[in-house]
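Below: the structure, in structure tokens.
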Amino acid sequence: MASGYHERFKQLIEEIRPNINTISSKQLFNDLEGDENTVVVDVRERDEWQMSHIPGALCVPKSIIERDIEFHVPNPSRKVALYSRGGFLCMIAADSLQKMGYEHVYTLKGGYHAWTIGGYPIKQNGDITYPDEEQIQELLKENKAADR
């Protein structure tokens, strides 16, 4: 885990990590291509979601997910794939959903950064597009800076 996080946050993530299922960008992409049962939830704040997100993703920020998830995903047996910017906040959200009885909760390994760096489609300015080299390089720089 990147060194820029406080110890208690790191400890929380390490405590819940063993109970959290992850899904790779490739697997999520394949699921979305062929499995209409998967619900993708972006737990970032609405302004981040509005800038760009995985096509078809619902915006249910981490700050309200426990309160609002049942409006969007009333069936706790549905497969839910959560993502955040780098993957940590969605782990906390996944832990909450599992405690609420959701049976098939996954977090996107590496979060939205990994999806974008992997070159998978994004929805930006109302259009489905693919990340350009500049976006990918910017995210790689952010990841490198966060690891310091």
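Ordering of the structure tokens sets the chain letters (A, B, ...), residue numbers begin anew at 1 in every chain, and ligands are numbered from 1 in the order given.
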
Check your understanding: So which bits of chain A end up helix (DSSP H, G or I) when you DSSP the backbone, as JSON, numbers by chain?
Key -> {"A": [7, 8, 9, 10, 11, 12, 13, 14, 15, 16, 17, 18, 19, 25, 26, 27, 28, 29, 30, 31, 32, 33, 34, 46, 47, 48, 49, 50, 51, 62, 63, 64, 65, 66, 67, 68, 69, 70, 71, 72, 88, 89, 90, 91, 92, 93, 94, 95, 96, 97, 98, 99, 111, 112, 113, 114, 115, 116, 117, 133, 134, 135, 136, 137, 138, 139, 140, 141, 142, 143, 144, 145, 146]}

Mind writing the picked residues with C-alpha atoms as a PDB file, in the first residue's frame?
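again38.pdb was written with the following content:
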```pdb
ATOM      1  CA  GLU A   7      -1.536   4.048   9.803  1.00  0.00           C
ATOM      2  CA  ARG A   8      -5.103   3.483  11.042  1.00  0.00           C
ATOM      3  CA  PHE A   9      -6.443   3.628   7.493  1.00  0.00           C
ATOM      4  CA  LYS A  10      -3.800   1.141   6.343  1.00  0.00           C
ATOM      5  CA  GLN A  11      -4.651  -1.091   9.294  1.00  0.00           C
ATOM      6  CA  LEU A  12      -8.363  -0.998   8.409  1.00  0.00           C
ATOM      7  CA  ILE A  13      -7.662  -1.958   4.800  1.00  0.00           C
ATOM      8  CA  GLU A  14      -5.379  -4.812   5.864  1.00  0.00           C
ATOM      9  CA  GLU A  15      -8.055  -6.118   8.262  1.00  0.00           C
ATOM     10  CA  ILE A  16     -10.830  -6.231   5.661  1.00  0.00           C
ATOM     11  CA  ARG A  17      -8.732  -7.150   2.599  1.00  0.00           C
ATOM     12  CA  PRO A  18      -8.851 -10.957   3.189  1.00  0.00           C
ATOM     13  CA  ASN A  19     -12.662 -10.886   3.096  1.00  0.00           C
ATOM     14  CA  SER A  25     -10.227  -4.960 -15.329  1.00  0.00           C
ATOM     15  CA  LYS A  26     -10.115  -7.647 -18.011  1.00  0.00           C
ATOM     16  CA  GLN A  27     -12.602  -9.889 -16.180  1.00  0.00           C
ATOM     17  CA  LEU A  28     -14.955  -6.986 -15.480  1.00  0.00           C
ATOM     18  CA  PHE A  29     -14.794  -5.935 -19.124  1.00  0.00           C
ATOM     19  CA  ASN A  30     -15.600  -9.504 -20.205  1.00  0.00           C
ATOM     20  CA  ASP A  31     -18.455  -9.689 -17.688  1.00  0.00           C
ATOM     21  CA  LEU A  32     -19.939  -6.444 -18.987  1.00  0.00           C
ATOM     22  CA  GLU A  33     -19.712  -7.701 -22.542  1.00  0.00           C
ATOM     23  CA  GLY A  34     -21.582 -10.904 -21.797  1.00  0.00           C
ATOM     24  CA  ARG A  46     -20.355  12.607  -8.162  1.00  0.00           C
ATOM     25  CA  ASP A  47     -18.022  15.262  -9.616  1.00  0.00           C
ATOM     26  CA  GLU A  48     -15.383  12.590 -10.330  1.00  0.00           C
ATOM     27  CA  TRP A  49     -18.017  10.305 -11.890  1.00  0.00           C
ATOM     28  CA  GLN A  50     -19.252  13.178 -14.075  1.00  0.00           C
ATOM     29  CA  MET A  51     -15.732  13.800 -15.413  1.00  0.00           C
ATOM     30  CA  LYS A  62     -18.985   5.816  -0.578  1.00  0.00           C
ATOM     31  CA  SER A  63     -20.404   8.490   1.712  1.00  0.00           C
ATOM     32  CA  ILE A  64     -23.982   7.293   1.035  1.00  0.00           C
ATOM     33  CA  ILE A  65     -23.673   3.765  -0.311  1.00  0.00           C
ATOM     34  CA  GLU A  66     -25.064   2.039   2.781  1.00  0.00           C
ATOM     35  CA  ARG A  67     -28.084   4.337   2.720  1.00  0.00           C
ATOM     36  CA  ASP A  68     -28.797   4.229  -1.023  1.00  0.00           C
ATOM     37  CA  ILE A  69     -27.574   0.924  -2.462  1.00  0.00           C
ATOM     38  CA  GLU A  70     -30.954  -0.787  -2.141  1.00  0.00           C
ATOM     39  CA  PHE A  71     -32.542   1.851  -4.391  1.00  0.00           C
ATOM     40  CA  HIS A  72     -30.119   0.838  -7.145  1.00  0.00           C
ATOM     41  CA  PHE A  88      -9.103   1.320  -1.336  1.00  0.00           C
ATOM     42  CA  LEU A  89     -12.390   3.131  -0.651  1.00  0.00           C
ATOM     43  CA  CYS A  90     -14.322   0.533  -2.599  1.00  0.00           C
ATOM     44  CA  MET A  91     -12.912  -2.116  -0.218  1.00  0.00           C
ATOM     45  CA  ILE A  92     -14.536  -0.319   2.701  1.00  0.00           C
ATOM     46  CA  ALA A  93     -17.783  -0.029   0.724  1.00  0.00           C
ATOM     47  CA  ALA A  94     -17.607  -3.736  -0.179  1.00  0.00           C
ATOM     48  CA  ASP A  95     -17.170  -4.642   3.473  1.00  0.00           C
ATOM     49  CA  SER A  96     -20.325  -2.666   4.306  1.00  0.00           C
ATOM     50  CA  LEU A  97     -22.352  -4.279   1.506  1.00  0.00           C
ATOM     51  CA  GLN A  98     -21.297  -7.747   2.608  1.00  0.00           C
ATOM     52  CA  LYS A  99     -22.408  -6.934   6.152  1.00  0.00           C
ATOM     53  CA  GLY A 111      -9.640   0.841  -9.184  1.00  0.00           C
ATOM     54  CA  TYR A 112     -10.476   3.265 -11.952  1.00  0.00           C
ATOM     55  CA  HIS A 113      -6.786   3.975 -12.463  1.00  0.00           C
ATOM     56  CA  ALA A 114      -6.121   0.350 -13.434  1.00  0.00           C
ATOM     57  CA  TRP A 115      -9.166   0.316 -15.752  1.00  0.00           C
ATOM     58  CA  THR A 116      -8.014   3.483 -17.518  1.00  0.00           C
ATOM     59  CA  ILE A 117      -4.338   2.520 -17.687  1.00  0.00           C
ATOM     60  CA  GLU A 133      -1.821   8.234 -24.123  1.00  0.00           C
ATOM     61  CA  GLU A 134      -1.777  11.554 -22.250  1.00  0.00           C
ATOM     62  CA  GLN A 135      -4.441  10.366 -19.789  1.00  0.00           C
ATOM     63  CA  ILE A 136      -2.613   7.095 -19.237  1.00  0.00           C
ATOM     64  CA  GLN A 137       0.725   8.838 -18.640  1.00  0.00           C
ATOM     65  CA  GLU A 138      -0.885  11.275 -16.181  1.00  0.00           C
ATOM     66  CA  LEU A 139      -2.351   8.381 -14.185  1.00  0.00           C
ATOM     67  CA  LEU A 140       0.969   6.556 -14.194  1.00  0.00           C
ATOM     68  CA  LYS A 141       2.613   9.719 -12.784  1.00  0.00           C
ATOM     69  CA  GLU A 142      -0.082   9.993 -10.088  1.00  0.00           C
ATOM     70  CA  ASN A 143       0.424   6.349  -9.142  1.00  0.00           C
ATOM     71  CA  LYS A 144       4.174   6.814  -8.937  1.00  0.00           C
ATOM     72  CA  ALA A 145       3.791   9.924  -6.749  1.00  0.00           C
ATOM     73  CA  ALA A 146       1.310   8.132  -4.442  1.00  0.00           C
TER      74      ALA A 146
END
```

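If you measure from each of A:Gly56, A:Gly101, A:Gly110, A:Pro61 to Arg85 of chain A using only C-alpha atoms, the closest one turns out to be A:Gly110.
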
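Restricting the calculation to only C-alpha atoms, the smallest distance between Tyr83 of chain A and any of A:Ile122, A:Leu58, A:Ile128, A:Leu108 is found for A:Leu108.
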
Review point. So which residues touch Val40 of chain A within 6 Å, counting only C-alpha atoms, skipping near sequence neighbours fewer than 6 positions away, as JSON, numbers by chain?
Key: {"A": [57, 80, 81, 82]}

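The residue set within 8 Å of His104 of chain A, counting only C-alpha atoms and dropping same-chain residues fewer than 5 places from it, reads Pro76, Ser77, Arg78, Lys79 and Val80 of chain A.
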
Review point. Please, which residues of segment 57-148 of chain A, numbered as in this document, come out strand (DSSP E or B) from DSSP, as an MDAnalysis selection string?
Key: chainID A and resid 58:59 79:83 104:108 122:124 127:129

Same residues, C-alpha atoms, saved as a PDB file, in the first residue's frame:
```pdb
ATOM      1  CA  LEU A  58     -23.929   3.824 -11.376  1.00  0.00           C
ATOM      2  CA  CYS A  59     -22.727   6.646  -9.167  1.00  0.00           C
ATOM      3  CA  LYS A  79     -23.205  -9.451  -8.697  1.00  0.00           C
ATOM      4  CA  VAL A  80     -21.958  -6.000  -7.708  1.00  0.00           C
ATOM      5  CA  ALA A  81     -18.569  -4.701  -8.860  1.00  0.00           C
ATOM      6  CA  LEU A  82     -17.426  -1.608  -6.969  1.00  0.00           C
ATOM      7  CA  TYR A  83     -14.617   0.724  -7.904  1.00  0.00           C
ATOM      8  CA  HIS A 104     -21.547 -11.338  -4.655  1.00  0.00           C
ATOM      9  CA  VAL A 105     -19.558  -8.164  -4.058  1.00  0.00           C
ATOM     10  CA  TYR A 106     -16.282  -7.524  -5.875  1.00  0.00           C
ATOM     11  CA  THR A 107     -13.862  -4.631  -5.994  1.00  0.00           C
ATOM     12  CA  LEU A 108     -12.026  -3.633  -9.134  1.00  0.00           C
ATOM     13  CA  ILE A 122     -14.537   5.188 -20.453  1.00  0.00           C
ATOM     14  CA  LYS A 123     -17.491   7.517 -20.654  1.00  0.00           C
ATOM     15  CA  GLN A 124     -16.308  11.094 -20.847  1.00  0.00           C
ATOM     16  CA  ASP A 127     -19.282   9.848 -25.178  1.00  0.00           C
ATOM     17  CA  ILE A 128     -17.830   6.376 -24.842  1.00  0.00           C
ATOM     18  CA  THR A 129     -14.191   6.604 -25.761  1.00  0.00           C
TER      19      THR A 129
END
```
